[in-house]
Amino acid sequence: MVQLAGASETGQQFSENAQTLTLSKCGASILSKRKLLSEREMIIRRLDTGKEARVRIAGKIGDRTEGYVYAVEFVDPQANLWETEFPSTSDLDKTDDLVFLVCGCCRNSEAVQLGEPKLGDFEAAHGVLLYCMQCQAMTRWMPRFGEAATGDGQSRGDKPK
């Protein structure tokens with residue numbers, strides 16, 4: 001959970017607790033109860049550490065019964081709000097941990113780079129929890145049988161060719 005503070009779509013100042021759905025080096029996807037405008041700057045504060053950063057609303061990426069899902073990006077690209085080490089872009093070019101997965105709910109399939117720690121968990125459990133953009137929820141992703149990762153450069157979010 002994070003605290004989101006700024007102006008709503010109507011320009012009214014607010015502060016609310018919002019749920020983080022995914023984290024990245026550049027920002028996050030968050031679930032907010034309020035309608036927000038793209039390009040508007042806000043403050044996001046971690047409730048567990050009190051650490052905060054200025055973010056820009058990149059856009060709405062979904063709707064849920066609980067609210068609206070937005071992509072936010074850090075205004076300062078050096079912000080390290082999550083205190084997590086994300087893979088460098090050169091690490092993303094490696095394809096030895098690329099697997100083809102299918103969402104257990106909607107059957108959407110994607111090529112996903114899991115990374116060394118998640119790859120071991122995935123192999124042990126024969127699946128992994130990931131956020132599905134089509135379902136707009138965390139779902140269980142399982143191997144897409146009959147195919148192996150080809151290293152053709154596809155990544156999560158791309159549809160297999």
# chains A, B, ... in the order shown; residues from 1 in each chain; ligands from 1
$ residues_around --residues "stretch 28-35 of chain A" --least-positions-apart "4" --cutoff "8 Å" --atoms "only C-alpha atoms" --output "list in words"
Ser8, Glu9, Glu16, Asn17, Ala18, Gln19, Thr20, Leu21, Thr22, Leu23, Ser24, Glu66, Gly67, Tyr68, Val69, Tyr70, Ala71, Val72 and Glu73 of chain A
$ write_last_selection --atoms "N, CA, C and O atoms" --output "PDB file, in the first residue's frame"
ATOM      1  N   SER A   8      -7.347  15.485  -8.042  1.00  0.00           N
ATOM      2  CA  SER A   8      -8.163  14.544  -8.817  1.00  0.00           C
ATOM      3  C   SER A   8      -8.470  15.122 -10.190  1.00  0.00           C
ATOM      4  O   SER A   8      -8.060  16.241 -10.524  1.00  0.00           O
ATOM      5  N   GLU A   9      -9.249  14.387 -10.969  1.00  0.00           N
ATOM      6  CA  GLU A   9      -9.650  14.820 -12.305  1.00  0.00           C
ATOM      7  C   GLU A   9     -10.389  16.160 -12.253  1.00  0.00           C
ATOM      8  O   GLU A   9     -10.268  16.981 -13.158  1.00  0.00           O
ATOM      9  N   GLU A  16      -5.095   9.662  -0.458  1.00  0.00           N
ATOM     10  CA  GLU A  16      -5.757   8.377  -0.236  1.00  0.00           C
ATOM     11  C   GLU A  16      -4.737   7.259  -0.221  1.00  0.00           C
ATOM     12  O   GLU A  16      -3.654   7.384  -0.796  1.00  0.00           O
ATOM     13  N   ASN A  17      -5.081   6.175   0.435  1.00  0.00           N
ATOM     14  CA  ASN A  17      -4.277   4.973   0.362  1.00  0.00           C
ATOM     15  C   ASN A  17      -4.629   4.262  -0.931  1.00  0.00           C
ATOM     16  O   ASN A  17      -5.811   4.091  -1.247  1.00  0.00           O
ATOM     17  N   ALA A  18      -3.606   3.890  -1.688  1.00  0.00           N
ATOM     18  CA  ALA A  18      -3.800   3.214  -2.977  1.00  0.00           C
ATOM     19  C   ALA A  18      -2.987   1.920  -2.958  1.00  0.00           C
ATOM     20  O   ALA A  18      -1.980   1.812  -2.253  1.00  0.00           O
ATOM     21  N   GLN A  19      -3.426   0.970  -3.744  1.00  0.00           N
ATOM     22  CA  GLN A  19      -2.750  -0.328  -3.811  1.00  0.00           C
ATOM     23  C   GLN A  19      -1.788  -0.353  -4.993  1.00  0.00           C
ATOM     24  O   GLN A  19      -2.151   0.043  -6.097  1.00  0.00           O
ATOM     25  N   THR A  20      -0.562  -0.817  -4.752  1.00  0.00           N
ATOM     26  CA  THR A  20       0.373  -1.021  -5.858  1.00  0.00           C
ATOM     27  C   THR A  20       0.098  -2.397  -6.444  1.00  0.00           C
ATOM     28  O   THR A  20      -0.062  -3.373  -5.710  1.00  0.00           O
ATOM     29  N   LEU A  21       0.025  -2.482  -7.760  1.00  0.00           N
ATOM     30  CA  LEU A  21      -0.223  -3.754  -8.436  1.00  0.00           C
ATOM     31  C   LEU A  21       1.066  -4.334  -8.998  1.00  0.00           C
ATOM     32  O   LEU A  21       1.311  -5.526  -8.881  1.00  0.00           O
ATOM     33  N   THR A  22       1.857  -3.496  -9.650  1.00  0.00           N
ATOM     34  CA  THR A  22       3.166  -3.914 -10.147  1.00  0.00           C
ATOM     35  C   THR A  22       4.158  -2.798  -9.860  1.00  0.00           C
ATOM     36  O   THR A  22       3.780  -1.632  -9.796  1.00  0.00           O
ATOM     37  N   LEU A  23       5.406  -3.178  -9.673  1.00  0.00           N
ATOM     38  CA  LEU A  23       6.476  -2.217  -9.425  1.00  0.00           C
ATOM     39  C   LEU A  23       7.482  -2.300 -10.556  1.00  0.00           C
ATOM     40  O   LEU A  23       7.690  -3.374 -11.117  1.00  0.00           O
ATOM     41  N   SER A  24       8.112  -1.191 -10.869  1.00  0.00           N
ATOM     42  CA  SER A  24       9.211  -1.195 -11.837  1.00  0.00           C
ATOM     43  C   SER A  24      10.224  -0.148 -11.412  1.00  0.00           C
ATOM     44  O   SER A  24       9.957   0.674 -10.531  1.00  0.00           O
ATOM     45  N   GLU A  66     -13.178  -1.909  -7.709  1.00  0.00           N
ATOM     46  CA  GLU A  66     -12.633  -1.153  -6.576  1.00  0.00           C
ATOM     47  C   GLU A  66     -12.115   0.223  -6.975  1.00  0.00           C
ATOM     48  O   GLU A  66     -11.768   1.025  -6.112  1.00  0.00           O
ATOM     49  N   GLY A  67     -11.974   0.494  -8.267  1.00  0.00           N
ATOM     50  CA  GLY A  67     -11.434   1.778  -8.700  1.00  0.00           C
ATOM     51  C   GLY A  67     -10.814   1.711 -10.071  1.00  0.00           C
ATOM     52  O   GLY A  67     -11.225   0.933 -10.930  1.00  0.00           O
ATOM     53  N   TYR A  68      -9.769   2.515 -10.258  1.00  0.00           N
ATOM     54  CA  TYR A  68      -9.137   2.686 -11.561  1.00  0.00           C
ATOM     55  C   TYR A  68      -7.652   2.318 -11.461  1.00  0.00           C
ATOM     56  O   TYR A  68      -6.995   2.650 -10.488  1.00  0.00           O
ATOM     57  N   VAL A  69      -7.140   1.656 -12.492  1.00  0.00           N
ATOM     58  CA  VAL A  69      -5.732   1.254 -12.522  1.00  0.00           C
ATOM     59  C   VAL A  69      -4.971   2.251 -13.396  1.00  0.00           C
ATOM     60  O   VAL A  69      -5.350   2.483 -14.551  1.00  0.00           O
ATOM     61  N   TYR A  70      -3.920   2.831 -12.812  1.00  0.00           N
ATOM     62  CA  TYR A  70      -3.106   3.816 -13.509  1.00  0.00           C
ATOM     63  C   TYR A  70      -1.641   3.389 -13.537  1.00  0.00           C
ATOM     64  O   TYR A  70      -1.162   2.765 -12.600  1.00  0.00           O
ATOM     65  N   ALA A  71      -0.962   3.755 -14.603  1.00  0.00           N
ATOM     66  CA  ALA A  71       0.493   3.633 -14.667  1.00  0.00           C
ATOM     67  C   ALA A  71       1.050   4.967 -14.208  1.00  0.00           C
ATOM     68  O   ALA A  71       0.592   6.024 -14.653  1.00  0.00           O
ATOM     69  N   VAL A  72       2.001   4.917 -13.280  1.00  0.00           N
ATOM     70  CA  VAL A  72       2.673   6.135 -12.821  1.00  0.00           C
ATOM     71  C   VAL A  72       4.162   5.978 -13.067  1.00  0.00           C
ATOM     72  O   VAL A  72       4.704   4.875 -12.993  1.00  0.00           O
ATOM     73  N   GLU A  73       4.813   7.092 -13.401  1.00  0.00           N
ATOM     74  CA  GLU A  73       6.260   7.069 -13.620  1.00  0.00           C
ATOM     75  C   GLU A  73       6.920   8.114 -12.735  1.00  0.00           C
ATOM     76  O   GLU A  73       6.350   9.174 -12.478  1.00  0.00           O
TER      77      GLU A  73
END
$ closest_atom_pairs --of "stretch 5-47 of chain A" --to "stretch 56-64 of chain A" --cutoff "8 Å" --atoms "only C-alpha atoms" --output "tab-separated table"
residue	atom	partner	partner_atom	distance
A:Leu36	CA	A:Ile57	CA	7.6
A:Leu37	CA	A:Ile57	CA	6.9
A:Ser38	CA	A:Gly59	CA	4.9
A:Glu39	CA	A:Ile57	CA	5.1
A:Arg40	CA	A:Ile57	CA	5.6
A:Glu41	CA	A:Arg56	CA	4.3
A:Met42	CA	A:Arg56	CA	6.3
$ write_last_selection --atoms "N, CA, C and O atoms" --output "CSV table (one decimal), in the first residue's frame"
chain,number,residue,atom,x,y,z
A,36,LEU,N,-8.1,10.2,-12.2
A,36,LEU,CA,-7.0,11.0,-12.3
A,36,LEU,C,-6.7,11.4,-13.8
A,36,LEU,O,-7.1,10.7,-14.7
A,37,LEU,N,-6.1,12.5,-14.0
A,37,LEU,CA,-5.7,13.0,-15.3
A,37,LEU,C,-4.3,12.6,-15.7
A,37,LEU,O,-3.4,12.7,-14.8
A,38,SER,N,-4.1,12.1,-16.9
A,38,SER,CA,-2.8,11.8,-17.4
A,38,SER,C,-1.9,13.1,-17.4
A,38,SER,O,-2.4,14.2,-17.5
A,39,GLU,N,-0.6,12.9,-17.2
A,39,GLU,CA,0.4,13.9,-17.1
A,39,GLU,C,0.4,14.7,-15.8
A,39,GLU,O,1.2,15.6,-15.6
A,40,ARG,N,-0.6,14.5,-14.9
A,40,ARG,CA,-0.7,15.3,-13.7
A,40,ARG,C,0.4,14.7,-12.7
A,40,ARG,O,0.5,13.5,-12.6
A,41,GLU,N,1.1,15.6,-12.0
A,41,GLU,CA,2.1,15.1,-11.1
A,41,GLU,C,1.5,15.0,-9.7
A,41,GLU,O,0.6,15.8,-9.3
A,42,MET,N,2.0,14.0,-9.0
A,42,MET,CA,1.4,13.7,-7.6
A,42,MET,C,2.6,13.2,-6.8
A,42,MET,O,3.7,13.0,-7.3
$ atom_distance --atom1 "atom CA of A:Cys26" --atom2 "atom CA of A:Lys51"
15.8 Å
$ atom_distance --atom1 "atom CA of A:Ser109" --atom2 "atom CA of A:Lys25"
24.5 Å
$ residues_around --residues "A:Phe74" --least-positions-apart "3" --cutoff "7 Å" --atoms "only C-alpha atoms" --output "list in words"
Cys26, Gly27, Arg54, Val55, Arg56, Pro77 and Ala79 of chain A
$ write_last_selection --atoms "all heavy atoms" --output "mmCIF file, in the first residue's frame"
data_model
loop_
_atom_site.group_PDB
_atom_site.id
_atom_site.type_symbol
_atom_site.label_atom_id
_atom_site.label_comp_id
_atom_site.auth_asym_id
_atom_site.auth_seq_id
_atom_site.Cartn_x
_atom_site.Cartn_y
_atom_site.Cartn_z
ATOM 1 N N CYS A 26 11.028 2.325 -13.058
ATOM 2 C CA CYS A 26 10.555 3.629 -13.526
ATOM 3 C C CYS A 26 9.272 4.102 -12.858
ATOM 4 O O CYS A 26 8.872 5.246 -13.034
ATOM 5 C CB CYS A 26 10.314 3.580 -15.029
ATOM 6 S SG CYS A 26 11.769 3.109 -15.954
ATOM 7 N N GLY A 27 8.580 3.227 -12.107
ATOM 8 C CA GLY A 27 7.317 3.620 -11.495
ATOM 9 C C GLY A 27 6.536 2.421 -11.000
ATOM 10 O O GLY A 27 7.089 1.516 -10.389
ATOM 11 N N ARG A 54 7.993 12.032 -6.232
ATOM 12 C CA ARG A 54 7.043 12.695 -7.138
ATOM 13 C C ARG A 54 6.865 11.790 -8.358
ATOM 14 O O ARG A 54 7.837 11.276 -8.908
ATOM 15 C CB ARG A 54 7.581 14.065 -7.556
ATOM 16 C CG ARG A 54 6.634 14.848 -8.435
ATOM 17 C CD ARG A 54 7.049 16.296 -8.553
ATOM 18 N NE ARG A 54 6.879 17.059 -7.330
ATOM 19 C CZ ARG A 54 5.701 17.514 -6.866
ATOM 20 N NH1 ARG A 54 4.601 17.265 -7.527
ATOM 21 N NH2 ARG A 54 5.640 18.211 -5.764
ATOM 22 N N VAL A 55 5.589 11.569 -8.744
ATOM 23 C CA VAL A 55 5.277 10.741 -9.901
ATOM 24 C C VAL A 55 4.392 11.513 -10.867
ATOM 25 O O VAL A 55 3.744 12.492 -10.495
ATOM 26 C CB VAL A 55 4.566 9.417 -9.507
ATOM 27 C CG1 VAL A 55 5.472 8.515 -8.697
ATOM 28 C CG2 VAL A 55 3.255 9.673 -8.784
ATOM 29 N N ARG A 56 4.376 11.060 -12.101
ATOM 30 C CA ARG A 56 3.507 11.593 -13.147
ATOM 31 C C ARG A 56 2.551 10.483 -13.551
ATOM 32 O O ARG A 56 2.974 9.342 -13.748
ATOM 33 C CB ARG A 56 4.342 12.031 -14.345
ATOM 34 C CG ARG A 56 3.550 12.612 -15.488
ATOM 35 C CD ARG A 56 4.444 13.046 -16.654
ATOM 36 N NE ARG A 56 5.468 14.012 -16.238
ATOM 37 C CZ ARG A 56 6.761 13.727 -16.085
ATOM 38 N NH1 ARG A 56 7.228 12.522 -16.326
ATOM 39 N NH2 ARG A 56 7.609 14.654 -15.704
ATOM 40 N N PRO A 77 14.164 10.139 -12.655
ATOM 41 C CA PRO A 77 14.484 8.775 -13.078
ATOM 42 C C PRO A 77 15.426 8.048 -12.119
ATOM 43 O O PRO A 77 15.524 6.833 -12.156
ATOM 44 C CB PRO A 77 15.131 8.941 -14.450
ATOM 45 C CG PRO A 77 15.299 10.385 -14.688
ATOM 46 C CD PRO A 77 14.602 11.138 -13.611
ATOM 47 N N ALA A 79 14.985 8.069 -8.852
ATOM 48 C CA ALA A 79 14.234 7.727 -7.639
ATOM 49 C C ALA A 79 14.302 6.216 -7.402
ATOM 50 O O ALA A 79 14.198 5.430 -8.336
ATOM 51 C CB ALA A 79 12.778 8.165 -7.779
#
$ closest_residue --among "A:Phe100, A:Trp141, A:Tyr131, A:Trp82" --to "A:Arg45" --atoms "only C-alpha atoms"
A:Trp82
